[in-house]
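Chemist: Here you go, coords-v3.cif (mmCIF, C-alpha atoms):
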```
data_target
loop_
_atom_site.label_atom_id
_atom_site.label_comp_id
_atom_site.auth_asym_id
_atom_site.auth_seq_id
_atom_site.Cartn_x
_atom_site.Cartn_y
_atom_site.Cartn_z
CA MET I 1 -24.38 -5.31 -30.22
CA ILE I 2 -26.09 -8.16 -28.36
CA PHE I 3 -22.82 -10.08 -28.38
CA GLN I 4 -20.88 -7.07 -27.08
CA ARG I 5 -23.33 -6.52 -24.22
CA ALA I 6 -23.30 -10.20 -23.28
CA VAL I 7 -19.50 -10.29 -23.25
CA ARG I 8 -19.24 -7.13 -21.13
CA ARG I 9 -21.83 -8.46 -18.70
CA GLU I 10 -19.97 -11.75 -18.27
CA PHE I 11 -16.64 -10.00 -17.90
CA SER I 12 -18.12 -7.62 -15.33
CA GLN I 13 -19.69 -10.38 -13.27
CA SER I 14 -16.49 -12.41 -13.25
CA ALA I 15 -14.34 -9.37 -12.39
CA ALA I 16 -16.69 -8.35 -9.57
CA GLY I 17 -16.62 -11.84 -8.07
CA VAL I 18 -12.83 -12.15 -8.29
CA PHE I 19 -12.28 -8.65 -6.89
CA ALA I 20 -14.68 -9.27 -3.98
CA ALA I 21 -12.87 -12.49 -3.07
CA LEU I 22 -9.40 -10.93 -3.32
CA PHE I 23 -10.49 -7.81 -1.42
CA ALA I 24 -11.93 -9.94 1.39
CA ILE I 25 -8.67 -11.91 1.64
CA MET I 26 -6.57 -8.73 1.62
CA THR I 27 -8.64 -6.93 4.27
CA THR I 28 -8.70 -10.01 6.50
CA THR I 29 -4.93 -10.40 6.26
CA GLN I 30 -4.29 -6.71 6.95
CA LEU I 31 -6.81 -6.69 9.81
CA ILE I 32 -5.09 -9.63 11.48
CA ARG I 33 -1.71 -7.91 11.10
CA LEU I 34 -3.00 -4.61 12.51
CA LEU I 35 -4.74 -6.31 15.43
CA ASN I 36 -1.51 -8.14 16.19
CA ASP I 37 0.35 -4.80 16.18
CA ALA I 38 -2.34 -3.32 18.42
CA VAL I 39 -1.95 -6.14 20.93
CA ARG I 40 1.82 -5.59 21.00
CA GLY I 41 1.35 -1.84 21.46
CA TYR I 42 2.77 -0.80 18.09
CA VAL I 43 -0.60 0.56 16.89
CA GLN I 44 -3.33 2.24 18.90
CA PRO I 45 -6.66 0.31 18.88
CA GLU I 46 -8.59 3.34 17.62
CA ALA I 47 -6.26 3.56 14.60
CA VAL I 48 -6.93 0.07 13.25
CA ALA I 49 -9.94 1.04 11.12
CA ALA I 50 -8.25 4.08 9.57
CA LEU I 51 -5.00 2.23 8.83
CA LEU I 52 -6.99 -0.62 7.31
CA GLY I 53 -8.71 1.85 4.98
CA PHE I 54 -5.39 3.37 3.88
CA ALA I 55 -3.94 -0.09 3.26
CA ALA I 56 -6.98 -1.03 1.18
CA LEU I 57 -6.56 2.03 -1.03
CA ASN I 58 -2.92 1.11 -1.56
CA TYR I 59 -3.71 -2.46 -2.64
CA VAL I 60 -6.78 -1.76 -4.80
CA PRO I 61 -4.83 -1.14 -8.08
CA HIS I 62 -3.06 -4.50 -7.68
CA LEU I 63 -6.36 -6.26 -6.99
CA LEU I 64 -8.01 -4.63 -10.01
CA SER I 65 -5.17 -5.74 -12.27
CA ILE I 66 -5.41 -9.35 -11.08
CA SER I 67 -9.21 -9.28 -11.28
CA LEU I 68 -9.11 -8.03 -14.86
CA PHE I 69 -6.70 -10.78 -15.92
CA VAL I 70 -8.54 -13.60 -14.12
CA ALA I 71 -12.02 -12.43 -15.20
CA ILE I 72 -11.18 -12.49 -18.91
CA LEU I 73 -9.37 -15.79 -18.48
CA LEU I 74 -12.31 -17.44 -16.71
CA SER I 75 -14.92 -16.11 -19.13
CA LEU I 76 -13.11 -17.23 -22.27
CA SER I 77 -12.15 -20.57 -20.71
CA ARG I 78 -15.82 -21.20 -20.01
CA ALA I 79 -16.60 -20.44 -23.66
CA TYR I 80 -14.05 -23.10 -24.67
CA ARG I 81 -15.47 -25.67 -22.24
CA ASP I 82 -19.06 -25.04 -23.38
CA SER I 83 -18.01 -25.30 -27.05
CA GLU I 84 -19.03 -21.71 -27.75
CA MET I 85 -15.62 -21.04 -29.24
CA VAL I 86 -16.08 -23.93 -31.65
CA VAL I 87 -19.27 -22.30 -32.91
CA TRP I 88 -17.52 -18.96 -33.39
CA PHE I 89 -14.62 -20.57 -35.23
CA SER I 90 -17.00 -22.56 -37.42
CA CYS I 91 -18.71 -19.31 -38.42
CA GLY I 92 -15.38 -17.88 -39.55
CA VAL I 93 -14.82 -15.59 -36.56
CA PRO I 94 -11.10 -15.67 -35.62
CA LEU I 95 -9.67 -15.58 -32.14
CA THR I 96 -8.39 -12.07 -32.77
CA ALA I 97 -12.00 -10.86 -32.93
CA TRP I 98 -12.02 -11.02 -29.13
CA VAL I 99 -9.40 -8.26 -28.91
CA ARG I 100 -11.94 -5.48 -29.40
CA PRO I 101 -14.47 -6.51 -26.70
CA VAL I 102 -11.62 -7.27 -24.30
CA MET I 103 -10.08 -3.84 -24.88
CA ASN I 104 -13.44 -2.09 -24.56
CA PHE I 105 -13.90 -3.73 -21.17
CA SER I 106 -10.28 -3.30 -20.04
CA LEU I 107 -9.56 0.34 -20.88
CA PRO I 108 -11.84 1.90 -18.21
CA LEU I 109 -10.34 -0.40 -15.58
CA VAL I 110 -6.81 0.37 -16.78
CA ALA I 111 -7.56 4.10 -16.49
CA THR I 112 -8.83 3.51 -12.94
CA ILE I 113 -5.70 1.53 -12.08
CA ALA I 114 -3.51 4.33 -13.45
CA ALA I 115 -5.34 6.98 -11.42
CA LEU I 116 -5.09 4.90 -8.25
CA ALA I 117 -1.40 4.05 -8.79
CA PHE I 118 -0.35 7.59 -9.73
CA PHE I 119 -2.32 9.62 -7.19
CA VAL I 120 -4.44 7.68 -4.66
CA SER I 121 -1.94 5.05 -3.45
CA PRO I 122 0.85 7.58 -2.65
CA TRP I 123 -1.71 9.75 -0.84
CA ALA I 124 -2.93 6.74 1.18
CA LEU I 125 0.64 5.80 2.14
CA SER I 126 1.45 9.35 3.23
CA GLN I 127 -1.78 9.63 5.23
CA SER I 128 -1.07 6.29 6.90
CA ALA I 129 2.42 7.42 7.91
CA GLU I 130 1.13 10.77 9.16
CA TYR I 131 -1.65 9.11 11.11
CA ARG I 132 0.81 6.76 12.80
CA ASP I 133 3.04 9.71 13.70
CA LYS I 134 0.17 11.67 15.20
CA LEU I 135 -0.88 8.72 17.34
CA SER I 136 2.72 8.18 18.42
CA ALA I 137 2.95 11.84 19.42
CA ARG I 138 -0.26 11.69 21.42
CA LYS I 139 1.08 8.71 23.31
CA ASP I 140 3.81 10.87 24.85
CA ALA I 141 1.37 13.30 26.45
CA SER I 142 -1.87 11.46 27.00
CA GLN I 143 -1.14 7.80 27.58
CA VAL I 144 0.72 7.92 30.91
CA SER I 145 0.11 4.87 33.07
CA PRO I 146 0.28 5.42 36.83
CA GLY I 147 3.13 3.65 38.58
CA THR I 148 5.16 2.99 35.41
CA PHE I 149 8.02 4.76 33.65
CA GLN I 150 6.86 5.98 30.21
CA GLU I 151 9.54 6.73 27.61
CA SER I 152 8.86 9.21 24.80
CA ALA I 153 8.90 8.15 21.15
CA ALA I 154 12.20 9.99 20.63
CA GLY I 155 13.77 8.24 23.60
CA ASP I 156 14.99 11.49 25.25
CA ARG I 157 12.34 11.85 27.96
CA VAL I 158 11.05 9.56 30.70
CA ILE I 159 7.87 10.40 32.65
CA PHE I 160 6.64 8.80 35.85
CA VAL I 161 3.38 9.61 37.66
CA GLU I 162 2.18 8.13 40.91
CA ALA I 163 -1.55 8.51 40.32
CA VAL I 164 -4.00 9.71 37.65
CA ALA I 165 -7.42 11.25 38.31
CA ASP I 166 -10.49 9.26 37.32
CA ASP I 167 -11.33 11.77 34.56
CA THR I 168 -7.61 11.93 33.51
CA SER I 169 -7.72 15.72 33.95
CA TYR I 170 -4.63 15.83 36.18
CA VAL I 171 -1.91 13.63 37.63
CA ARG I 172 -0.16 13.63 41.01
CA ASN I 173 3.52 13.36 41.97
CA VAL I 174 5.13 13.71 38.56
CA PHE I 175 8.74 12.89 37.75
CA VAL I 176 10.27 13.95 34.40
CA SER I 177 13.81 13.07 33.29
CA ASP I 178 14.91 14.99 30.18
CA THR I 179 18.21 14.15 28.47
CA ARG I 180 19.76 16.41 25.85
CA SER I 181 23.16 16.47 24.19
CA ASP I 182 24.43 19.34 26.36
CA ARG I 183 22.49 18.99 29.60
CA HIS I 184 20.37 16.75 31.75
CA SER I 185 17.42 17.82 33.86
CA VAL I 186 15.15 16.21 36.42
CA THR I 187 11.82 17.83 37.16
CA MET I 188 9.44 16.93 39.98
CA ALA I 189 5.98 18.31 40.67
CA ALA I 190 3.10 17.71 43.04
CA THR I 191 0.49 17.83 40.29
CA GLY I 192 0.30 18.33 36.53
CA HIS I 193 -1.95 18.31 33.49
CA GLN I 194 -1.67 18.68 29.71
CA GLU I 195 -2.60 21.68 27.57
CA ILE I 196 -2.83 22.21 23.81
CA ALA I 197 -1.83 25.61 22.43
CA ASP I 198 -3.66 27.40 19.64
CA ASN I 199 -1.05 26.28 17.10
CA GLY I 200 -1.51 22.65 18.07
CA ASP I 201 1.64 22.29 20.22
CA ARG I 202 1.26 20.06 23.26
CA PHE I 203 2.56 20.96 26.72
CA ILE I 204 2.79 19.16 30.03
CA VAL I 205 2.07 21.75 32.70
CA LEU I 206 3.66 20.95 36.08
CA LEU I 207 2.54 22.72 39.26
CA ASP I 208 4.33 23.33 42.58
CA GLY I 209 7.56 21.54 41.81
CA ARG I 210 11.34 21.70 41.61
CA ARG I 211 13.75 21.38 38.68
CA TYR I 212 17.36 20.16 38.87
CA GLU I 213 19.51 20.91 35.85
CA PHE I 214 23.20 20.07 35.34
CA VAL I 215 25.76 19.67 32.58
CA PRO I 216 27.30 16.18 32.41
CA GLY I 217 31.00 16.13 33.34
CA THR I 218 30.86 19.39 35.31
CA ALA I 219 30.02 20.40 38.87
CA GLU I 220 27.51 23.01 37.74
CA LEU I 221 24.04 22.49 39.20
CA ARG I 222 20.95 24.68 39.01
CA ILE I 223 17.94 24.28 41.29
CA LEU I 224 14.69 26.03 40.41
CA ASP I 225 11.51 26.10 42.45
CA TYR I 226 8.41 26.96 40.47
CA GLU I 227 4.68 27.24 40.77
CA ARG I 228 3.94 26.51 37.11
CA ASN I 229 6.26 25.01 34.52
CA ALA I 230 5.15 24.15 30.98
CA VAL I 231 7.22 21.50 29.22
CA ARG I 232 6.76 21.39 25.45
CA ILE I 233 6.46 17.90 23.99
CA GLU I 234 8.59 17.74 20.85
CA THR I 235 6.44 15.83 18.39
CA ARG I 236 6.89 14.77 14.81
CA GLU I 237 3.41 16.17 14.27
CA SER I 238 4.83 19.71 14.06
CA ARG I 239 7.72 18.69 11.79
CA GLY I 240 5.57 16.62 9.45
CA ILE I 241 6.44 13.25 7.97
CA GLU I 242 9.49 12.57 5.88
CA LEU I 243 8.61 12.60 2.18
CA THR I 244 9.81 9.42 0.45
CA PRO I 245 9.48 8.34 -3.20
CA ARG I 246 6.61 6.01 -2.27
CA THR I 247 4.59 8.83 -0.68
CA MET I 248 5.62 11.56 -3.12
CA PRO I 249 2.93 13.04 -5.42
CA PHE I 250 3.19 11.97 -9.04
CA PHE I 251 4.19 15.28 -10.60
CA GLU I 252 6.84 15.94 -7.93
CA LEU I 253 8.21 12.43 -8.49
CA LEU I 254 8.26 13.02 -12.25
CA ALA I 255 10.46 16.11 -11.85
CA ILE I 256 13.25 14.37 -9.89
CA ASP I 257 15.80 12.48 -12.01
CA LEU I 258 17.37 10.20 -9.39
CA PRO I 259 17.62 6.38 -9.52
CA LEU I 260 15.43 5.83 -6.46
CA HIS I 261 12.72 8.15 -7.76
CA ARG I 262 12.94 6.72 -11.29
CA ALA I 263 12.46 3.23 -9.84
CA GLU I 264 9.30 4.35 -8.02
CA LEU I 265 8.00 6.02 -11.19
CA LEU I 266 8.67 2.79 -13.10
CA TYR I 267 6.68 0.86 -10.50
CA ARG I 268 3.67 3.16 -10.86
CA LEU I 269 3.77 3.09 -14.65
CA SER I 270 4.10 -0.69 -14.69
CA LEU I 271 0.74 -1.22 -12.97
CA PRO I 272 -1.52 0.06 -15.79
CA LEU I 273 0.86 -1.13 -18.54
CA SER I 274 1.00 -4.66 -17.16
CA ALA I 275 -2.78 -4.68 -16.69
CA ILE I 276 -3.45 -4.01 -20.37
CA VAL I 277 -0.76 -6.47 -21.51
CA LEU I 278 -2.15 -9.19 -19.24
CA ALA I 279 -5.66 -8.53 -20.55
CA LEU I 280 -4.45 -9.18 -24.11
CA LEU I 281 -2.44 -12.24 -23.06
CA SER I 282 -5.49 -13.74 -21.38
CA ILE I 283 -7.17 -14.22 -24.78
CA PRO I 284 -4.78 -16.90 -26.12
CA LEU I 285 -4.03 -18.20 -22.61
CA SER I 286 -7.73 -19.03 -22.08
CA PHE I 287 -7.57 -21.95 -24.53
CA VAL I 288 -8.83 -25.15 -22.89
CA ASN I 289 -8.05 -28.62 -24.17
CA PRO I 290 -10.57 -31.03 -22.59
CA ARG I 291 -8.11 -33.90 -22.92
CA ALA I 292 -5.47 -32.03 -20.91
CA GLY I 293 -7.83 -31.13 -18.08
CA ARG I 294 -9.75 -27.98 -17.24
CA SER I 295 -7.07 -26.40 -15.06
CA ALA I 296 -4.06 -26.86 -17.34
CA ASN I 297 -4.43 -23.42 -18.95
CA MET I 298 -4.87 -21.76 -15.55
CA VAL I 299 -1.58 -23.18 -14.32
CA PHE I 300 0.23 -21.83 -17.37
CA ALA I 301 -1.53 -18.45 -17.07
CA ILE I 302 -0.54 -18.12 -13.41
CA LEU I 303 3.04 -18.99 -14.36
CA VAL I 304 3.04 -16.24 -17.01
CA TYR I 305 1.65 -13.76 -14.47
CA LEU I 306 4.31 -14.62 -11.87
CA VAL I 307 7.14 -14.39 -14.41
CA TYR I 308 5.83 -11.03 -15.64
CA ASN I 309 5.62 -9.55 -12.14
CA ASN I 310 9.05 -10.87 -11.17
CA LEU I 311 10.55 -9.27 -14.29
CA ILE I 312 8.94 -5.95 -13.31
CA THR I 313 10.39 -6.22 -9.81
CA ILE I 314 13.85 -7.08 -11.14
CA ASN I 315 13.73 -4.14 -13.55
CA GLN I 316 12.77 -1.82 -10.71
CA LYS I 317 15.73 -2.99 -8.62
CA TRP I 318 18.08 -2.53 -11.58
CA VAL I 319 16.86 1.02 -12.15
CA GLU I 320 17.18 1.75 -8.43
CA SER I 321 20.81 0.53 -8.44
CA GLY I 322 21.62 2.34 -11.71
CA LYS I 323 22.26 -0.85 -13.72
CA LEU I 324 19.45 -0.12 -16.18
CA SER I 325 18.06 3.10 -17.64
CA PHE I 326 14.49 4.14 -17.02
CA ALA I 327 13.53 4.02 -20.72
CA GLY I 328 15.11 0.60 -21.15
CA ALA I 329 13.22 -0.75 -18.15
CA VAL I 330 9.88 0.63 -19.36
CA LEU I 331 10.25 -0.73 -22.88
CA GLY I 332 12.14 -3.94 -22.13
CA VAL I 333 9.86 -6.08 -20.01
CA HIS I 334 6.55 -4.90 -21.52
CA LEU I 335 7.77 -5.26 -25.11
CA LEU I 336 9.07 -8.72 -24.25
CA MET I 337 5.63 -9.80 -23.07
CA LEU I 338 3.98 -8.15 -26.07
CA CYS I 339 6.28 -10.15 -28.36
CA LEU I 340 4.78 -13.30 -26.87
CA LEU I 341 1.31 -12.15 -27.88
CA PRO I 342 1.49 -12.87 -31.67
CA ILE I 343 3.25 -16.17 -30.94
CA LEU I 344 0.48 -17.30 -28.62
CA PHE I 345 -2.22 -16.08 -31.01
CA TYR I 346 -0.61 -17.91 -33.93
CA ARG I 347 -0.33 -21.12 -31.92
CA ARG I 348 -3.97 -21.02 -30.80
CA ILE I 349 -5.26 -20.10 -34.25
CA ALA I 350 -3.23 -22.93 -35.77
CA VAL I 351 -4.63 -25.40 -33.23
CA SER I 352 -8.18 -24.21 -33.89
CA SER I 353 -7.72 -24.49 -37.68
CA PHE I 354 -6.33 -28.00 -37.33
CA THR I 355 -9.30 -28.98 -35.15
CA ARG I 356 -11.83 -27.73 -37.70
CA LEU I 357 -10.06 -29.52 -40.55
CA SER I 358 -9.85 -32.80 -38.64
CA ARG I 359 -13.59 -32.69 -38.09
#
```
Could you write out this structure as structure tokens?
Modeler:
Amino acid sequence: MIFQRAVRREFSQSAAGVFAALFAIMTTTQLIRLLNDAVRGYVQPEAVAALLGFAALNYVPHLLSISLFVAILLSLSRAYRDSEMVVWFSCGVPLTAWVRPVMNFSLPLVATIAALAFFVSPWALSQSAEYRDKLSARKDASQVSPGTFQESAAGDRVIFVEAVADDTSYVRNVFVSDTRSDRHSVTMAATGHQEIADNGDRFIVLLDGRRYEFVPGTAELRILDYERNAVRIETRESRGIELTPRTMPFFELLAIDLPLHRAELLYRLSLPLSAIVLALLSIPLSFVNPRAGRSANMVFAILVYLVYNNLITINQKWVESGKLSFAGAVLGVHLLMLCLLPILFYRRIAVSSFTRLSR
């Protein structure tokens, strides 16, 4: 029991340190990217914090998987360097005895990774897309700069205002050009303001103006003088966001048998499966030979991790293109890596036995 608690404590400390470092790098990178988009006008400044939070939720399962792998690798490598493993082997404890404490530590994290990959990450991606759409819709009605032509997000409306009140409650001398497939209209008004209906629809209300409407290619022209004219802003907010496999809830994704949706399901399943396989692989990969240098095993472990993730990505692309079945992709790459496990264990156990006999 003392040994189990000590191992869990060391694993936990290593995992917390690795996760904190990776999370700091990820958030810094995403923050720089979002600030760059905000400077270019692609993202509103007030949306940076929310979008950063959604991006963090999306990347957390990946960071937990890497942290689990690296934490076990670092802890067991330290035991090799400090000759603790030699003591265990001399007492007759095999390398396979580490499987149980590693699994006891890994399974709660694997369950967390599965929950995040199946449910939280798709929700975060959908909320991020919806948040971007809402901000884009607000830009059409509320972010009108005086003296400049402002094009709508859909590209079918251009608004020009001469001046805006200090409290932004109304604008003066408004020009609106609206282009549709069957007609074109030009609306001018002395003043205007925006209103929000009870159902959430946005309107630009123009006062004391004139509207010219004509059909392209014809001589028909209509002129309308008005005191009050409400122009509805067509926003994606009312239509909602387009549901894609990446943003689709897990159970809805599970019910659709299409290559694109099967590929996304394979991606989500691969996160917890690869995490538990990598945790087991880290036991034999943690072997340190002092004569070969302290970082030799880390280089090989990183190579195994990169190969494993590339195989998962290739399998996903094959399922998406219909070249590989979903069941074959799930079993193929993970069983291949599991087949390496007894080979690596046998090689490390053989090396440890030879070392004890030579002494």
Chemist: Determine the residue set returned by the PyMOL selection byres ((chain I and resi 175) around 8) for the present structure, and present it as a tab-separated table (two decimals) with C-alpha atoms, in the frame of the given file.
Modeler:
```
chain	number	residue	atom	x	y	z
I	159	ILE	CA	7.87	10.40	32.65
I	160	PHE	CA	6.64	8.80	35.85
I	161	VAL	CA	3.38	9.61	37.66
I	173	ASN	CA	3.52	13.36	41.97
I	174	VAL	CA	5.13	13.71	38.56
I	176	VAL	CA	10.27	13.95	34.40
I	177	SER	CA	13.81	13.07	33.29
I	186	VAL	CA	15.15	16.21	36.42
I	187	THR	CA	11.82	17.83	37.16
I	188	MET	CA	9.44	16.93	39.98
I	189	ALA	CA	5.98	18.31	40.67
```
Chemist: For a quick check of understanding, using only C-alpha atoms, which of I:Gly332, I:Pro245, I:Pro108, I:Pro216 has the smallest distance to I:Ile276?
Modeler: I:Pro108
Chemist: Using all atoms listed in the file, pick whichever of I:Thr28, I:Ser270, I:Asn297, I:Ser286 has the shortest atom-to-atom distance to I:Thr313.
Modeler: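 The answer is I:Ser270, which sits nearest to I:Thr313.
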Chemist: Have a look at I:Ser67, I:Asn229, I:Ser83, I:Thr112 and name the one nearest to I:Gln194; count only C-alpha atoms.
Modeler: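 So, comparing all the options, the nearest one is I:Asn229.
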Chemist: Under the rule that only C-alpha atoms are counted, which of I:Leu63, I:Met248, I:Ala163, I:Leu107 is the nearest residue to I:Ala124?
Modeler: I:Met248
Chemist: Near I:Ala20, within 12 Å and counting all atoms listed in the file, which residues show up once chain neighbours fewer than 6 positions away are dropped, as a compact mmCIF listing (two decimals) with C-alpha atoms, keeping the file's coordinate frame?
Modeler:
```
# COMPACT_ATOMS: atom_id res chain seq x y z
CA SER I 12 -18.12 -7.62 -15.33
CA GLN I 13 -19.69 -10.38 -13.27
CA SER I 14 -16.49 -12.41 -13.25
CA MET I 26 -6.57 -8.73 1.62
CA THR I 27 -8.64 -6.93 4.27
CA VAL I 60 -6.78 -1.76 -4.80
CA LEU I 63 -6.36 -6.26 -6.99
CA LEU I 64 -8.01 -4.63 -10.01
CA ILE I 66 -5.41 -9.35 -11.08
CA SER I 67 -9.21 -9.28 -11.28
CA ALA I 71 -12.02 -12.43 -15.20
```
Chemist: Please report the interatomic distance between atom CA of I:Ala56 and atom CA of I:Thr244 in Å with one decimal.
Modeler: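 Atom CA of I:Thr244 lies at a distance of 19.8 Å from atom CA of I:Ala56.
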Chemist: Please expand the PyMOL selection byres ((chain I and resi 265) around 10) into the concrete residues it hits in this file, giving the result as a ChimeraX atom specification.
Modeler: /I:117-118,245-246,250,253-254,256,259-264,266-270,316,326,330
Chemist: What are the centre and edge lengths in Å, to one decimal, of the axis-aligned box around all listed atoms of stretch 90-94 of chain I with 4 Å added on each side, as lines of an AutoDock Vina configuration file?
Modeler:
```
center_x = -14.9
center_y = -19.1
center_z = -37.6
size_x = 15.6
size_y = 15.0
size_z = 11.9
```
Chemist: Return the single residue from I:Val110, I:Thr218, I:Thr247, I:Tyr308 that is closest to I:Ala129, with distances computed using only C-alpha atoms.
Modeler: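 Selected residue with least distance to I:Ala129: I:Thr247.
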Chemist: What's the separation between atom CA of I:Leu57 and atom CA of I:Leu31, in Å to one decimal place?
Modeler: 13.9 Å
Chemist: Which residues fall under the PyMOL selection byres ((chain I and resi 207) around 8) in this file, as a list of chain:residue names?
Modeler: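 On this input, the PyMOL selection byres ((chain I and resi 207) around 8) captures I:Ala189, I:Ala190, I:Thr191, I:Gly192, I:Val205, I:Leu206, I:Asp208, I:Gly209, I:Tyr226, I:Glu227, I:Arg228, I:Asn229.
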Chemist: Write out as a ChimeraX atom specification which residues come within 10 Å of stretch 72-79 of chain I when counting all atoms listed in the file, dropping same-chain ones fewer than 2 positions away.
Modeler: /I:7-8,10-15,18,67-70,81-88,98,102,105-106,278-289,294-295,297-298,301
Chemist: In Å, with one decimal, what is the gap from atom CA of I:Leu243 to atom CA of I:Leu324?
Modeler: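 Atom CA of I:Leu324 lies at a distance of 24.8 Å from atom CA of I:Leu243.
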Chemist: Rank I:Leu311, I:Ala275, I:Leu331, I:Val164 by their smallest atom-to-atom distance to I:Leu109, using only C-alpha atoms, and report the top residue only.
Modeler: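 The answer is I:Ala275, which sits nearest to I:Leu109.
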Chemist: In the coordinate frame of the file, compute which residues have an atom within 12 Å of (-8.3, -2.6, 5.2) when using all atoms listed in the file, and state them as a ChimeraX atom specification.
Modeler: /I:22-35,47-60,124,128
Chemist: Using only C-alpha atoms, please write the residues we just selected to a file, as a short mmCIF file (atom, residue, chain, number, x, y, z; two decimals), in the coordinates of the input.
Modeler:
```
data_model
loop_
_atom_site.label_atom_id
_atom_site.label_comp_id
_atom_site.auth_asym_id
_atom_site.auth_seq_id
_atom_site.Cartn_x
_atom_site.Cartn_y
_atom_site.Cartn_z
CA LEU I 22 -9.40 -10.93 -3.32
CA PHE I 23 -10.49 -7.81 -1.42
CA ALA I 24 -11.93 -9.94 1.39
CA ILE I 25 -8.67 -11.91 1.64
CA MET I 26 -6.57 -8.73 1.62
CA THR I 27 -8.64 -6.93 4.27
CA THR I 28 -8.70 -10.01 6.50
CA THR I 29 -4.93 -10.40 6.26
CA GLN I 30 -4.29 -6.71 6.95
CA LEU I 31 -6.81 -6.69 9.81
CA ILE I 32 -5.09 -9.63 11.48
CA ARG I 33 -1.71 -7.91 11.10
CA LEU I 34 -3.00 -4.61 12.51
CA LEU I 35 -4.74 -6.31 15.43
CA ALA I 47 -6.26 3.56 14.60
CA VAL I 48 -6.93 0.07 13.25
CA ALA I 49 -9.94 1.04 11.12
CA ALA I 50 -8.25 4.08 9.57
CA LEU I 51 -5.00 2.23 8.83
CA LEU I 52 -6.99 -0.62 7.31
CA GLY I 53 -8.71 1.85 4.98
CA PHE I 54 -5.39 3.37 3.88
CA ALA I 55 -3.94 -0.09 3.26
CA ALA I 56 -6.98 -1.03 1.18
CA LEU I 57 -6.56 2.03 -1.03
CA ASN I 58 -2.92 1.11 -1.56
CA TYR I 59 -3.71 -2.46 -2.64
CA VAL I 60 -6.78 -1.76 -4.80
CA ALA I 124 -2.93 6.74 1.18
CA SER I 128 -1.07 6.29 6.90
#
```
